[in-house]
$ cat my_file03.cif   # mmCIF, C-alpha atoms
data_input
loop_
_atom_site.group_PDB
_atom_site.id
_atom_site.type_symbol
_atom_site.label_atom_id
_atom_site.label_comp_id
_atom_site.auth_asym_id
_atom_site.auth_seq_id
_atom_site.Cartn_x
_atom_site.Cartn_y
_atom_site.Cartn_z
ATOM 1 C CA MET A 1 8.641 0.258 5.130
ATOM 2 C CA THR A 2 12.356 0.886 4.951
ATOM 3 C CA HIS A 3 13.976 2.805 2.108
ATOM 4 C CA ASN A 4 14.785 0.291 -0.661
ATOM 5 C CA GLY A 5 13.980 -2.535 1.772
ATOM 6 C CA CYS A 6 17.312 -2.427 3.634
ATOM 7 C CA VAL A 7 18.519 -0.597 6.762
ATOM 8 C CA VAL A 8 21.976 -0.873 8.346
ATOM 9 C CA ASN A 9 22.524 0.184 11.954
ATOM 10 C CA GLU A 10 26.173 1.279 11.856
ATOM 11 C CA GLN A 11 26.516 1.369 15.653
ATOM 12 C CA THR A 12 25.525 -2.266 16.228
ATOM 13 C CA GLY A 13 26.214 -3.724 12.787
ATOM 14 C CA GLU A 14 22.646 -5.044 12.504
ATOM 15 C CA VAL A 15 21.053 -5.240 9.067
ATOM 16 C CA THR A 16 17.272 -5.260 8.569
ATOM 17 C CA ILE A 17 15.766 -6.454 5.283
ATOM 18 C CA THR A 18 12.081 -5.965 4.415
ATOM 19 C CA VAL A 19 10.481 -7.753 1.463
ATOM 20 C CA ARG A 20 6.969 -6.958 0.256
ATOM 21 C CA LYS A 21 5.012 -8.380 -2.666
ATOM 22 C CA VAL A 22 1.620 -7.087 -3.813
ATOM 23 C CA ALA A 23 -0.746 -9.705 -5.247
ATOM 24 C CA THR A 24 -2.487 -8.575 -8.409
ATOM 25 C CA THR A 25 -4.847 -11.500 -8.970
ATOM 26 C CA LEU A 26 -8.507 -10.777 -9.535
ATOM 27 C CA ALA A 27 -9.691 -13.009 -6.684
ATOM 28 C CA ALA A 28 -7.278 -11.648 -4.095
ATOM 29 C CA GLY A 29 -8.122 -8.028 -4.751
ATOM 30 C CA ARG A 30 -11.905 -8.301 -4.979
ATOM 31 C CA LEU A 31 -12.931 -10.734 -2.272
ATOM 32 C CA PRO A 32 -13.098 -9.108 1.186
ATOM 33 C CA TRP A 33 -11.940 -12.221 3.051
ATOM 34 C CA THR A 34 -8.755 -12.449 0.925
ATOM 35 C CA ALA A 35 -7.770 -8.761 1.155
ATOM 36 C CA LYS A 36 -5.313 -9.398 4.004
ATOM 37 C CA PHE A 37 -3.326 -11.732 1.721
ATOM 38 C CA THR A 38 -2.789 -9.150 -1.048
ATOM 39 C CA LYS A 39 0.152 -7.379 0.626
ATOM 40 C CA PRO A 40 2.314 -9.892 2.493
ATOM 41 C CA GLN A 41 5.445 -8.478 4.109
ATOM 42 C CA ALA A 42 8.398 -10.141 5.836
ATOM 43 C CA THR A 43 11.082 -8.431 7.916
ATOM 44 C CA GLU A 44 14.277 -10.035 9.222
ATOM 45 C CA THR A 45 17.101 -8.545 11.297
ATOM 46 C CA SER A 46 20.547 -10.034 11.823
ATOM 47 C CA GLY A 47 23.644 -8.860 13.633
ATOM 48 C CA PRO A 48 27.273 -9.370 12.688
ATOM 49 C CA GLY A 49 28.547 -12.931 12.665
ATOM 50 C CA VAL A 50 30.814 -14.174 15.426
ATOM 51 C CA LEU A 51 34.041 -15.863 14.372
#
$ encode --input "my_file03.cif" --output "structure tokens"
Amino acid sequence: MTHNGCVVNEQTGEVTITVRKVATTLAAGRLPWTAKFTKPQATETSGPGVL
């Protein structure tokens, strides 16, 4: 994962944001078939806007 969830590529102007949330519910952490849902992560990259 990126440091603090944000990376800026200064050469291209692209920004990458990564968000991660850990589930702490009893069912999600203990049932083997739900383990993959305990640490969802989303990453999005966008370049500079065009005017």
$ atom_distance --input "my_file03.cif" --atom1 "CA of Ile17 in chain A" --atom2 "CA of Thr34 in chain A"
25.6 Å
$ atom_distance --input "my_file03.cif" --atom1 "CA of Pro48 in chain A" --atom2 "CA of Val7 in chain A"
13.7 Å
$ residues_around --input "my_file03.cif" --residues "Val22 in chain A" --least-positions-apart "6" --cutoff "9 Å" --atoms "all atoms listed in the file" --output "compact mmCIF listing (two decimals) with C-alpha atoms, keeping the file's coordinate frame"
# COMPACT_ATOMS: atom_id res chain seq x y z
CA PHE A 37 -3.33 -11.73 1.72
CA THR A 38 -2.79 -9.15 -1.05
CA LYS A 39 0.15 -7.38 0.63
CA PRO A 40 2.31 -9.89 2.49
CA GLN A 41 5.44 -8.48 4.11
$ resolve_selection --input "my_file03.cif" --expression "the PyMOL selection byres ((chain A and resi 44) around 6)" --output "ChimeraX atom specification"
/A:16-17,43,45
$ closest_residue --input "my_file03.cif" --among "A:Ala42, A:Gly49, A:Lys21, A:Pro32" --to "Cys6 in chain A" --atoms "only C-alpha atoms"
A:Ala42
$ closest_residue --input "my_file03.cif" --among "A:Leu31, A:Thr24, A:Gly47, A:Thr18" --to "Gly5 in chain A" --atoms "all atoms listed in the file"
A:Thr18
$ decode --input "my_file03.cif" --residues "range 2-44 of chain A" --atoms "N, CA and C atoms" --output "compact mmCIF listing (two decimals), in the first residue's frame"
# COMPACT_ATOMS: atom_id res chain seq x y z
N THR A 2 0.37 2.30 -0.52
CA THR A 2 1.12 3.55 -0.59
C THR A 2 1.24 4.21 0.77
N HIS A 3 2.22 5.05 0.93
CA HIS A 3 2.43 5.78 2.18
C HIS A 3 1.29 6.77 2.36
N ASN A 4 0.56 6.66 3.45
CA ASN A 4 -0.58 7.53 3.77
C ASN A 4 -1.69 7.47 2.72
N GLY A 5 -1.66 6.46 1.84
CA GLY A 5 -2.74 6.27 0.89
C GLY A 5 -2.71 7.16 -0.33
N CYS A 6 -1.66 7.98 -0.51
CA CYS A 6 -1.63 8.90 -1.64
C CYS A 6 -0.22 8.98 -2.23
N VAL A 7 -0.15 8.89 -3.57
CA VAL A 7 1.13 9.02 -4.27
C VAL A 7 0.94 10.00 -5.43
N VAL A 8 1.87 10.93 -5.59
CA VAL A 8 1.82 11.89 -6.70
C VAL A 8 3.04 11.66 -7.57
N ASN A 9 2.81 11.41 -8.86
CA ASN A 9 3.88 11.29 -9.83
C ASN A 9 4.12 12.69 -10.38
N GLU A 10 5.20 13.33 -9.97
CA GLU A 10 5.46 14.73 -10.34
C GLU A 10 5.77 14.89 -11.83
N GLN A 11 6.28 13.86 -12.47
CA GLN A 11 6.61 13.95 -13.89
C GLN A 11 5.36 13.99 -14.77
N THR A 12 4.36 13.17 -14.43
CA THR A 12 3.16 13.10 -15.26
C THR A 12 1.98 13.86 -14.67
N GLY A 13 2.04 14.19 -13.38
CA GLY A 13 0.95 14.86 -12.71
C GLY A 13 -0.15 13.92 -12.24
N GLU A 14 0.07 12.61 -12.38
CA GLU A 14 -0.92 11.63 -11.94
C GLU A 14 -0.92 11.48 -10.43
N VAL A 15 -2.11 11.32 -9.87
CA VAL A 15 -2.28 11.11 -8.43
C VAL A 15 -2.96 9.76 -8.24
N THR A 16 -2.42 8.94 -7.33
CA THR A 16 -3.01 7.65 -7.02
C THR A 16 -3.43 7.65 -5.56
N ILE A 17 -4.69 7.31 -5.31
CA ILE A 17 -5.25 7.24 -3.97
C ILE A 17 -5.62 5.79 -3.68
N THR A 18 -5.23 5.29 -2.51
CA THR A 18 -5.59 3.94 -2.09
C THR A 18 -6.32 4.03 -0.76
N VAL A 19 -7.50 3.40 -0.71
CA VAL A 19 -8.32 3.39 0.50
C VAL A 19 -8.49 1.94 0.92
N ARG A 20 -8.30 1.68 2.21
CA ARG A 20 -8.43 0.33 2.74
C ARG A 20 -9.16 0.39 4.07
N LYS A 21 -10.09 -0.52 4.26
CA LYS A 21 -10.86 -0.59 5.50
C LYS A 21 -10.85 -2.04 5.97
N VAL A 22 -10.49 -2.26 7.23
CA VAL A 22 -10.46 -3.60 7.80
C VAL A 22 -11.75 -3.82 8.58
N ALA A 23 -12.46 -4.91 8.24
CA ALA A 23 -13.70 -5.25 8.94
C ALA A 23 -13.35 -5.92 10.26
N THR A 24 -14.03 -5.53 11.31
CA THR A 24 -13.74 -6.08 12.63
C THR A 24 -14.92 -6.85 13.21
N THR A 25 -15.87 -7.23 12.36
CA THR A 25 -17.03 -7.97 12.87
C THR A 25 -16.63 -9.40 13.19
N LEU A 26 -17.34 -9.98 14.11
CA LEU A 26 -17.05 -11.35 14.54
C LEU A 26 -17.25 -12.34 13.39
N ALA A 27 -18.31 -12.20 12.64
CA ALA A 27 -18.59 -13.14 11.55
C ALA A 27 -17.56 -13.05 10.43
N ALA A 28 -17.17 -11.85 10.07
CA ALA A 28 -16.23 -11.68 8.96
C ALA A 28 -14.86 -12.24 9.29
N GLY A 29 -14.43 -12.11 10.51
CA GLY A 29 -13.09 -12.56 10.87
C GLY A 29 -12.97 -14.03 11.18
N ARG A 30 -14.06 -14.69 11.50
CA ARG A 30 -13.99 -16.09 11.96
C ARG A 30 -14.46 -17.12 10.94
N LEU A 31 -15.24 -16.72 9.98
CA LEU A 31 -15.74 -17.67 9.00
C LEU A 31 -14.81 -17.70 7.79
N PRO A 32 -14.28 -18.87 7.44
CA PRO A 32 -13.29 -18.94 6.35
C PRO A 32 -13.79 -18.40 5.01
N TRP A 33 -15.07 -18.59 4.70
CA TRP A 33 -15.57 -18.15 3.41
C TRP A 33 -15.82 -16.64 3.36
N THR A 34 -15.72 -15.94 4.48
CA THR A 34 -15.87 -14.48 4.48
C THR A 34 -14.54 -13.75 4.69
N ALA A 35 -13.46 -14.49 4.85
CA ALA A 35 -12.15 -13.87 5.13
C ALA A 35 -11.72 -12.89 4.03
N LYS A 36 -12.05 -13.20 2.78
CA LYS A 36 -11.62 -12.30 1.69
C LYS A 36 -12.32 -10.94 1.74
N PHE A 37 -13.42 -10.85 2.49
CA PHE A 37 -14.15 -9.58 2.58
C PHE A 37 -13.71 -8.73 3.77
N THR A 38 -12.74 -9.19 4.57
CA THR A 38 -12.35 -8.45 5.77
C THR A 38 -11.39 -7.31 5.49
N LYS A 39 -10.73 -7.31 4.33
CA LYS A 39 -9.77 -6.26 4.01
C LYS A 39 -9.98 -5.72 2.59
N PRO A 40 -11.12 -5.10 2.33
CA PRO A 40 -11.33 -4.55 0.99
C PRO A 40 -10.41 -3.36 0.75
N GLN A 41 -9.98 -3.22 -0.50
CA GLN A 41 -9.07 -2.13 -0.87
C GLN A 41 -9.47 -1.61 -2.24
N ALA A 42 -9.43 -0.31 -2.43
CA ALA A 42 -9.74 0.31 -3.71
C ALA A 42 -8.62 1.28 -4.06
N THR A 43 -8.20 1.26 -5.32
CA THR A 43 -7.14 2.15 -5.79
C THR A 43 -7.63 2.86 -7.05
N GLU A 44 -7.41 4.15 -7.13
CA GLU A 44 -7.83 4.94 -8.29
C GLU A 44 -6.71 5.90 -8.66
